[in-house]
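Undergrad: So here's upload.csv, just CSV, C-alpha atoms:
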chain,number,residue,atom,x,y,z
A,1,MET,CA,12.6,-11.4,-20.1
A,2,VAL,CA,15.9,-10.0,-18.8
A,3,GLU,CA,18.8,-12.5,-19.0
A,4,LEU,CA,21.6,-12.2,-16.4
A,5,HIS,CA,25.2,-12.3,-17.7
A,6,ASP,CA,27.3,-15.4,-16.8
A,7,GLU,CA,24.4,-17.3,-15.4
A,8,SER,CA,22.3,-20.2,-16.6
A,9,VAL,CA,18.5,-20.0,-16.9
A,10,SER,CA,18.3,-21.3,-13.3
A,11,GLY,CA,20.4,-18.3,-12.1
A,12,LYS,CA,23.4,-20.4,-11.1
A,13,ALA,CA,26.9,-19.3,-12.0
A,14,THR,CA,28.4,-21.2,-14.8
A,15,GLU,CA,31.9,-19.8,-14.7
A,16,PRO,CA,34.6,-20.0,-12.0
A,17,LEU,CA,34.5,-17.1,-9.5
A,18,GLY,CA,37.9,-15.7,-10.3
A,19,MET,CA,39.6,-12.8,-8.5
A,20,HIS,CA,37.4,-10.3,-10.2
A,21,GLY,CA,34.3,-12.1,-9.0
A,22,LEU,CA,35.8,-12.4,-5.5
A,23,SER,CA,36.6,-8.7,-5.5
A,24,ALA,CA,33.0,-7.9,-6.6
A,25,ILE,CA,31.7,-9.7,-3.5
A,26,LEU,CA,34.3,-8.1,-1.2
A,27,PHE,CA,33.2,-4.7,-2.3
A,28,GLY,CA,29.6,-5.6,-2.9
A,29,HIS,CA,28.4,-3.0,-0.6
A,30,SER,CA,30.1,-0.3,-2.7
A,31,ALA,CA,28.7,-1.9,-5.9
A,32,PHE,CA,25.1,-1.5,-4.6
A,33,GLN,CA,25.8,2.1,-3.6
A,34,TYR,CA,26.7,2.9,-7.2
A,35,LEU,CA,23.4,1.4,-8.3
A,36,ASN,CA,21.5,3.3,-5.6
A,37,ALA,CA,23.2,6.6,-6.3
A,38,ALA,CA,22.5,6.3,-10.0
A,39,ASN,CA,18.9,5.4,-9.2
A,40,GLU,CA,18.4,8.4,-6.9
A,41,LEU,CA,20.3,10.9,-9.2
A,42,GLY,CA,18.4,9.8,-12.3
A,43,LEU,CA,21.4,8.7,-14.3
A,44,PHE,CA,19.7,5.8,-16.0
A,45,GLU,CA,16.6,7.8,-17.1
A,46,ASP,CA,19.0,10.5,-18.3
A,47,LEU,CA,20.8,8.1,-20.6
A,48,LEU,CA,17.6,6.3,-21.7
A,49,ALA,CA,16.4,9.7,-22.9
A,50,ALA,CA,19.8,10.8,-24.4
A,51,PRO,CA,21.9,7.8,-25.2
A,52,GLY,CA,25.5,8.5,-26.3
A,53,SER,CA,25.9,11.6,-24.1
A,54,ASN,CA,29.4,12.3,-22.9
A,55,ARG,CA,30.6,12.9,-19.3
A,56,GLU,CA,30.2,16.7,-19.4
A,57,GLN,CA,26.7,16.5,-20.9
A,58,VAL,CA,25.5,14.0,-18.3
A,59,GLY,CA,27.2,15.8,-15.4
A,60,ALA,CA,25.6,19.1,-16.4
A,61,ARG,CA,22.1,17.6,-16.7
A,62,LEU,CA,22.5,15.9,-13.3
A,63,GLY,CA,24.0,18.9,-11.6
A,64,LEU,CA,27.2,17.1,-10.7
A,65,GLY,CA,30.7,18.5,-10.7
A,66,ARG,CA,33.7,16.8,-12.5
A,67,ARG,CA,34.8,14.6,-9.7
A,68,PRO,CA,31.3,13.3,-8.7
A,69,ILE,CA,30.2,12.5,-12.3
A,70,GLU,CA,33.6,10.9,-13.1
A,71,MET,CA,33.3,8.7,-10.1
A,72,LEU,CA,29.7,7.8,-10.8
A,73,LEU,CA,30.4,6.9,-14.4
A,74,LEU,CA,33.5,5.0,-13.5
A,75,GLY,CA,31.6,2.8,-11.1
A,76,CYS,CA,28.6,2.3,-13.2
A,77,THR,CA,30.7,1.4,-16.3
A,78,ALA,CA,33.0,-0.9,-14.4
A,79,LEU,CA,29.9,-2.7,-13.0
A,80,ARG,CA,28.5,-3.0,-16.6
A,81,LEU,CA,25.5,-1.0,-15.7
A,82,LEU,CA,26.6,1.4,-18.5
A,83,THR,CA,28.7,1.0,-21.6
A,84,ARG,CA,31.0,3.6,-23.1
A,85,ASP,CA,31.4,3.9,-26.9
A,86,ALA,CA,34.5,4.9,-28.8
A,87,ASP,CA,33.5,8.5,-28.9
A,88,GLY,CA,33.1,8.7,-25.1
A,89,GLY,CA,29.4,8.4,-25.2
A,90,TYR,CA,27.6,6.5,-22.4
A,91,HIS,CA,24.7,4.0,-22.8
A,92,VAL,CA,22.6,2.0,-20.3
A,93,CYS,CA,23.2,-1.7,-20.4
A,94,PRO,CA,20.9,-4.0,-22.4
A,95,GLU,CA,19.2,-5.3,-19.2
A,96,ILE,CA,18.2,-1.8,-18.1
A,97,ARG,CA,17.0,-1.0,-21.6
A,98,GLN,CA,14.9,-4.1,-21.6
A,99,LEU,CA,13.4,-3.3,-18.2
A,100,ALA,CA,12.4,0.1,-19.6
A,101,ASP,CA,11.0,-1.4,-22.8
A,102,ASP,CA,9.0,-3.9,-20.8
A,103,GLY,CA,7.5,-1.2,-18.5
A,104,ASP,CA,9.3,-2.7,-15.5
A,105,TRP,CA,11.9,0.0,-14.9
A,106,GLN,CA,10.0,1.9,-12.1
A,107,ARG,CA,9.3,-1.5,-10.4
A,108,PHE,CA,13.1,-2.2,-10.5
A,109,LYS,CA,13.8,1.2,-9.0
A,110,ASP,CA,11.3,0.6,-6.2
A,111,VAL,CA,13.2,-2.6,-5.3
A,112,VAL,CA,16.5,-0.6,-5.2
A,113,ASP,CA,14.9,2.0,-2.9
A,114,PHE,CA,13.6,-0.8,-0.6
A,115,GLU,CA,17.0,-2.4,-0.4
A,116,GLN,CA,18.6,1.0,0.5
A,117,ARG,CA,16.0,2.3,2.9
A,118,ILE,CA,14.9,-0.8,4.8
A,119,THR,CA,17.2,-3.7,4.1
A,120,TYR,CA,20.7,-2.2,3.9
A,121,GLU,CA,21.4,-1.2,7.5
A,122,GLY,CA,19.8,-4.3,9.0
A,123,GLN,CA,22.2,-6.5,7.0
A,124,ALA,CA,25.0,-5.4,9.2
A,125,ASP,CA,23.6,-7.8,11.8
A,126,PHE,CA,23.5,-10.9,9.4
A,127,THR,CA,26.3,-12.7,11.3
A,128,GLU,CA,24.6,-12.2,14.7
A,129,SER,CA,21.2,-13.1,13.2
A,130,LEU,CA,22.7,-16.4,12.1
A,131,ARG,CA,24.4,-17.0,15.5
A,132,ARG,CA,21.3,-16.3,17.5
A,133,ASP,CA,18.9,-17.7,14.9
A,134,THR,CA,16.7,-14.6,15.1
A,135,ASN,CA,16.1,-11.3,13.3
A,136,VAL,CA,18.6,-9.1,15.2
A,137,GLY,CA,18.5,-6.4,12.5
A,138,LEU,CA,14.9,-5.5,13.5
A,139,ASP,CA,16.5,-3.5,16.4
A,140,ARG,CA,17.6,-1.0,13.7
A,141,ILE,CA,14.0,-0.2,12.8
A,142,PRO,CA,12.5,2.4,15.3
A,143,GLY,CA,9.4,1.3,17.1
A,144,THR,CA,7.8,-1.0,19.6
A,145,GLY,CA,6.0,-3.5,17.3
A,146,ARG,CA,6.9,-7.1,17.6
A,147,ASP,CA,8.0,-7.4,14.0
A,148,LEU,CA,8.7,-5.2,11.0
A,149,TYR,CA,5.1,-5.2,9.8
A,150,HIS,CA,3.8,-3.9,13.2
A,151,ARG,CA,6.5,-1.2,13.2
A,152,LEU,CA,5.9,0.3,9.8
A,153,THR,CA,3.0,2.5,11.0
A,154,GLU,CA,5.5,4.1,13.4
A,155,ASN,CA,7.7,4.9,10.4
A,156,PRO,CA,5.5,6.5,7.7
A,157,ARG,CA,8.3,7.0,5.2
A,158,LEU,CA,9.5,3.4,5.6
A,159,GLU,CA,5.9,2.2,5.3
A,160,THR,CA,5.5,4.0,2.0
A,161,VAL,CA,8.8,2.5,0.7
A,162,PHE,CA,7.9,-1.0,1.9
A,163,TYR,CA,4.4,-1.2,0.3
A,164,ARG,CA,5.6,0.4,-2.9
A,165,TYR,CA,8.3,-2.3,-3.1
A,166,MET,CA,5.9,-5.1,-2.3
A,167,ARG,CA,3.6,-4.0,-5.0
A,168,SER,CA,6.4,-3.7,-7.5
A,169,TRP,CA,8.0,-7.0,-6.6
A,170,SER,CA,4.7,-8.7,-7.0
A,171,GLU,CA,4.0,-7.0,-10.3
A,172,LEU,CA,7.3,-8.2,-11.7
A,173,ALA,CA,5.9,-11.7,-11.6
A,174,ASN,CA,2.2,-11.8,-10.8
A,175,ARG,CA,1.3,-11.7,-14.5
A,176,HIS,CA,2.4,-15.4,-14.4
A,177,LEU,CA,0.2,-16.0,-11.4
A,178,VAL,CA,-2.8,-14.8,-13.4
A,179,GLU,CA,-1.8,-16.8,-16.5
A,180,GLN,CA,-0.8,-20.1,-14.8
A,181,VAL,CA,-3.4,-20.5,-12.0
A,182,ASP,CA,-6.8,-21.3,-13.5
A,183,LEU,CA,-9.5,-19.8,-11.4
A,184,GLY,CA,-12.3,-20.3,-13.9
A,185,SER,CA,-14.1,-22.7,-11.6
A,186,ALA,CA,-13.3,-20.8,-8.4
A,187,THR,CA,-15.9,-18.6,-6.8
A,188,SER,CA,-14.2,-17.0,-3.8
A,189,LEU,CA,-10.6,-16.3,-3.0
A,190,LEU,CA,-9.1,-15.8,0.5
A,191,ASP,CA,-5.8,-13.9,0.3
A,192,CYS,CA,-3.9,-14.4,3.6
A,193,GLY,CA,-1.6,-11.4,4.4
A,194,GLY,CA,-2.3,-9.8,1.1
A,195,GLY,CA,-0.6,-6.5,1.7
A,196,ASP,CA,-2.1,-3.7,-0.3
A,197,GLY,CA,-4.0,-6.2,-2.4
A,198,VAL,CA,-1.8,-6.2,-5.5
A,199,ASN,CA,-2.2,-9.9,-6.2
A,200,THR,CA,-5.9,-10.2,-5.4
A,201,ILE,CA,-6.6,-7.1,-7.5
A,202,ALA,CA,-4.8,-8.7,-10.5
A,203,LEU,CA,-6.6,-12.0,-10.1
A,204,ALA,CA,-10.0,-10.3,-9.6
A,205,LYS,CA,-9.5,-8.2,-12.8
A,206,ALA,CA,-8.6,-11.3,-14.8
A,207,ASN,CA,-11.6,-13.3,-13.3
A,208,PRO,CA,-14.7,-11.0,-13.3
A,209,HIS,CA,-16.7,-13.7,-11.6
A,210,LEU,CA,-14.4,-14.0,-8.6
A,211,ARG,CA,-15.1,-12.6,-5.2
A,212,ALA,CA,-12.3,-12.2,-2.6
A,213,THR,CA,-11.4,-11.5,1.0
A,214,ILE,CA,-8.0,-10.1,2.0
A,215,LEU,CA,-6.8,-10.9,5.5
A,216,GLU,CA,-4.5,-8.2,7.0
A,217,ILE,CA,-3.3,-6.8,10.3
A,218,GLU,CA,-5.2,-3.8,11.6
A,219,ALA,CA,-2.4,-1.4,10.7
A,220,THR,CA,-2.3,-2.4,7.1
A,221,ALA,CA,-6.0,-2.8,6.4
A,222,PRO,CA,-6.7,0.9,5.6
A,223,ILE,CA,-3.9,0.8,2.9
A,224,THR,CA,-5.5,-2.3,1.4
A,225,GLU,CA,-9.0,-0.8,1.4
A,226,LYS,CA,-7.7,2.3,-0.3
A,227,ARG,CA,-6.1,0.3,-3.1
A,228,ILE,CA,-9.3,-1.8,-3.6
A,229,ILE,CA,-11.4,1.3,-4.0
A,230,GLU,CA,-8.9,2.8,-6.4
A,231,ALA,CA,-9.1,-0.4,-8.5
A,232,GLY,CA,-12.9,-0.1,-8.6
A,233,LEU,CA,-13.3,-3.5,-6.9
A,234,ALA,CA,-15.0,-2.6,-3.7
A,235,ASP,CA,-18.1,-4.6,-4.8
A,236,ARG,CA,-16.2,-7.8,-5.1
A,237,VAL,CA,-13.1,-7.6,-2.8
A,238,ASN,CA,-13.2,-6.8,0.9
A,239,VAL,CA,-10.7,-6.7,3.8
A,240,GLN,CA,-10.9,-8.5,7.0
A,241,VAL,CA,-8.7,-7.6,9.9
A,242,CYS,CA,-7.0,-10.8,11.2
A,243,GLU,CA,-3.9,-11.9,13.2
A,244,MET,CA,-3.4,-15.0,11.2
A,245,PHE,CA,-1.7,-17.1,13.9
A,246,GLU,CA,-4.2,-16.1,16.5
A,247,GLU,CA,-7.6,-16.4,14.7
A,248,PRO,CA,-9.2,-19.0,12.5
A,249,PHE,CA,-9.5,-18.3,8.8
A,250,PRO,CA,-13.0,-17.5,7.6
A,251,ALA,CA,-14.9,-20.2,5.8
A,252,GLY,CA,-16.8,-19.8,2.5
A,253,HIS,CA,-13.8,-19.7,0.1
A,254,ASP,CA,-12.7,-22.4,-2.3
A,255,THR,CA,-9.2,-21.0,-2.9
A,256,VAL,CA,-6.7,-19.8,-0.4
A,257,LEU,CA,-3.7,-17.7,-1.6
A,258,PHE,CA,-0.5,-17.1,0.3
A,259,ALA,CA,1.5,-14.5,-1.7
A,260,HIS,CA,5.0,-13.6,-0.3
A,261,GLN,CA,4.0,-15.1,3.0
A,262,MET,CA,5.8,-18.4,3.4
A,263,VAL,CA,9.3,-16.8,3.0
A,264,ILE,CA,8.6,-15.0,6.3
A,265,TRP,CA,8.2,-18.0,8.6
A,266,ARG,CA,9.9,-21.1,9.9
A,267,PRO,CA,8.6,-24.4,8.4
A,268,GLU,CA,6.6,-25.3,11.5
A,269,ASP,CA,4.9,-21.9,11.3
A,270,ILE,CA,4.2,-22.4,7.6
A,271,THR,CA,2.6,-25.7,8.4
A,272,VAL,CA,0.3,-24.0,11.0
A,273,LEU,CA,-0.9,-21.5,8.4
A,274,LEU,CA,-1.5,-24.3,5.9
A,275,ARG,CA,-3.5,-26.3,8.4
A,276,LYS,CA,-5.7,-23.3,9.1
A,277,ALA,CA,-6.2,-23.0,5.3
A,278,TYR,CA,-7.0,-26.7,5.1
A,279,ASP,CA,-9.6,-26.4,7.8
A,280,ALA,CA,-11.3,-23.4,6.1
A,281,LEU,CA,-11.5,-25.0,2.7
A,282,PRO,CA,-14.2,-27.3,1.4
A,283,GLU,CA,-13.3,-30.7,-0.1
A,284,GLY,CA,-11.6,-30.1,-3.4
A,285,GLY,CA,-10.6,-26.6,-2.5
A,286,ARG,CA,-7.1,-25.4,-3.4
A,287,VAL,CA,-4.3,-23.5,-1.8
A,288,VAL,CA,-1.9,-21.4,-3.9
A,289,ILE,CA,1.6,-20.4,-2.7
A,290,PHE,CA,3.2,-17.6,-4.7
A,291,ASN,CA,6.6,-16.3,-3.7
A,292,SER,CA,10.3,-16.6,-4.3
A,293,MET,CA,11.7,-20.2,-4.3
A,294,SER,CA,15.2,-21.6,-4.0
A,295,ASP,CA,16.2,-24.7,-5.8
A,296,ASP,CA,16.0,-28.1,-4.2
A,297,THR,CA,19.7,-28.6,-4.9
A,298,GLY,CA,20.6,-25.9,-2.4
A,299,ASP,CA,22.9,-24.0,-4.8
A,300,GLY,CA,20.7,-21.2,-6.3
A,301,PRO,CA,19.3,-19.2,-7.7
A,302,LEU,CA,21.6,-16.4,-6.7
A,303,ILE,CA,18.8,-13.9,-6.1
A,304,ALA,CA,17.1,-16.3,-3.7
A,305,ALA,CA,20.3,-16.6,-1.7
A,306,LEU,CA,20.9,-12.9,-1.5
A,307,ASP,CA,17.3,-12.1,-0.6
A,308,SER,CA,17.5,-14.6,2.3
A,309,VAL,CA,19.8,-12.2,4.1
A,310,TYR,CA,16.8,-9.7,4.5
A,311,PHE,CA,14.6,-12.5,5.9
A,312,ALA,CA,17.3,-13.6,8.3
A,313,CYS,CA,17.9,-10.1,9.7
A,314,LEU,CA,14.6,-8.1,9.6
A,315,PRO,CA,11.0,-9.1,9.2
A,316,VAL,CA,10.3,-11.7,11.9
A,317,GLU,CA,12.2,-14.6,13.4
A,318,GLY,CA,12.7,-17.6,11.1
A,319,GLY,CA,12.3,-16.7,7.4
A,320,MET,CA,14.3,-17.4,4.3
A,321,ILE,CA,13.7,-18.2,0.6
A,322,TRP,CA,12.8,-21.8,1.2
A,323,PRO,CA,13.2,-24.5,-1.5
A,324,TRP,CA,10.3,-25.9,-3.4
A,325,SER,CA,10.5,-29.2,-1.6
A,326,GLN,CA,10.2,-27.5,1.8
A,327,HIS,CA,6.9,-25.9,0.8
A,328,GLU,CA,5.7,-29.3,-0.5
A,329,GLU,CA,6.7,-31.0,2.8
A,330,CYS,CA,4.6,-28.4,4.8
A,331,LEU,CA,1.7,-28.9,2.4
A,332,ARG,CA,1.7,-32.7,2.9
A,333,GLU,CA,1.9,-32.2,6.7
A,334,ALA,CA,-1.1,-30.0,6.6
A,335,GLY,CA,-3.1,-32.6,4.6
A,336,PHE,CA,-2.9,-31.3,1.1
A,337,SER,CA,-2.1,-33.4,-2.0
A,338,GLY,CA,-2.0,-33.2,-5.8
A,339,MET,CA,0.8,-30.6,-5.8
A,340,GLU,CA,1.8,-28.8,-9.0
A,341,ARG,CA,4.8,-26.6,-9.5
A,342,PHE,CA,4.8,-23.6,-11.9
A,343,LYS,CA,8.1,-21.8,-12.5
A,344,CYS,CA,7.6,-18.1,-13.4
A,345,PRO,CA,9.7,-17.3,-16.6
A,346,THR,CA,11.2,-14.2,-15.2
A,347,TRP,CA,14.6,-13.0,-13.8
A,348,THR,CA,13.1,-12.9,-10.3
A,349,PRO,CA,13.0,-16.3,-8.4
A,350,HIS,CA,9.2,-16.4,-8.2
A,351,GLY,CA,7.4,-19.7,-8.3
A,352,ILE,CA,3.9,-21.0,-7.7
A,353,ILE,CA,2.7,-24.2,-6.0
A,354,VAL,CA,-0.9,-25.3,-6.2
A,355,ALA,CA,-2.3,-28.1,-3.9
A,356,THR,CA,-5.7,-29.6,-3.3
A,357,LYS,CA,-7.6,-30.6,-0.2
Please express the file's structure as structure tokens.
TA:
Amino acid sequence: MVELHDESVSGKATEPLGMHGLSAILFGHSAFQYLNAANELGLFEDLLAAPGSNREQVGARLGLGRRPIEMLLLGCTALRLLTRDADGGYHVCPEIRQLADDGDWQRFKDVVDFEQRITYEGQADFTESLRRDTNVGLDRIPGTGRDLYHRLTENPRLETVFYRYMRSWSELANRHLVEQVDLGSATSLLDCGGGDGVNTIALAKANPHLRATILEIEATAPITEKRIIEAGLADRVNVQVCEMFEEPFPAGHDTVLFAHQMVIWRPEDITVLLRKAYDALPEGGRVVIFNSMSDDTGDGPLIAALDSVYFACLPVEGGMIWPWSQHEECLREAGFSGMERFKCPTWTPHGIIVATK
């Protein structure tokens, strides 16, 4: 597990902001660009492979001149992404080393690429998105679709970046979904808006008896089907095209999964989806919510707050990283009871709520 400096386990700051902290926020856009440039240029992989290299050695391997490599190393070291030893050698920070050791480094890189290619420009409209209470930043994504998901097929490169990110973001935490949600007595799973199937595939592999259906929009369904075939699960997992707000959920499943869905919508829309799940489930059936959660106290974790900017500006109108209690309120309104919380022990703000009909 990667620990974040100067934060508690909950991801809340424990030290005063200070002028250095305020400056880091003021120039936060520049801080991210150092991270992104190092990501695209391969700086971290270079130093993972050759720790202790000096400026000239790193610059030569990356094909950068003196000024560019000096600037890149200045920024990454000042931001504590790198450390510099007494001999002038550079090393990646412990957090990056841990991500690499855990096999999560490429997943982290996919998140950086998503933030740069899809999120970054749309965040310029955050203030206007708050004023108008709608996703103004979507106008920066070319296309005619009514939301980001329906525009992705009009932007093949962005579509690739998006689904690669969603897979990686899920994989950073869905091991805990597999471990903490007991599907031993379940027979059939309905994954609502399951993307490329990353979470259902993980659950199906861990539960060989389980059959599953993934609901997705028409544009995404071929991507999902391809992943299922690649995973060797076509005999147990199928895809059904469905516009979730416009069509009823299919019956015949005892577990309904919403993975990274409830962060997209307003509470009233979340309740609509949960009622549709309630109607489709048998008595005793369960619903599982798996996505990022903010604290009920309204002051963290930091990643949940920062990630909410994306949901305010881009996907559809009305999303954010909602607190645990908001999900539970929607579950109660939909008729569910017996709610259980499972906090994922990871640096991401993922959480799981399971409720019963």
Undergrad: Report, in Å with one decimal, the straight-line distance from atom CA of A:Gly284 to atom CA of A:Lys357.
TA: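 Distance reported for this atom pair: 5.1 Å.
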Undergrad: Excluding same-chain residues fewer than 5 positions from A:Glu216, what lies within 9 Å of it counting all atoms listed in the file, as an MDAnalysis selection string?
TA: chainID A and resid 191:196 221 224 239:244
Undergrad: Near stretch 265-282 of chain A, within 8 Å and counting only C-alpha atoms, which residues show up once chain neighbours fewer than 4 positions away are dropped, as a list in words?
TA: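 Selected residues are Met244, Phe245, Pro248, Phe249, Pro250, Ala251, Gly252, His253, Asp254, Thr255, Val256, Gln261, Arg286, Val287, Val316, Glu317, Gly318, Gly319, Met320, Gln326, His327, Cys330, Leu331, Glu333, Ala334, Gly335, Phe336 and Lys357 of chain A.
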Undergrad: Between stretch 274-323 of chain A and stretch 109-129 of chain A, at 9 Å or less, what are the per-residue closest atom pairs and their distances in Å? Count only C-alpha atoms, order by chain and rising residue number, and return it as a tab-separated table.
TA:
residue	atom	partner	partner_atom	distance
A:Val309	CA	A:Phe126	CA	6.6
A:Tyr310	CA	A:Thr119	CA	6.0
A:Ala312	CA	A:Ser129	CA	6.3
A:Cys313	CA	A:Phe126	CA	5.7
A:Leu314	CA	A:Gly122	CA	6.5
Undergrad: Looking at A:Thr213, A:Ser185, A:Gln180, A:Asn199, which one is nearest to A:Lys343, with distances taken over all atoms listed in the file?
TA: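 The answer is A:Gln180, which sits nearest to A:Lys343.
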Undergrad: Using atom CA of A:Leu22 and atom CA of A:Leu306 as the two end points, give the distance in Å to one decimal.
TA: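 One can read the atom CA of A:Leu22 to atom CA of A:Leu306 distance as 15.4 Å.
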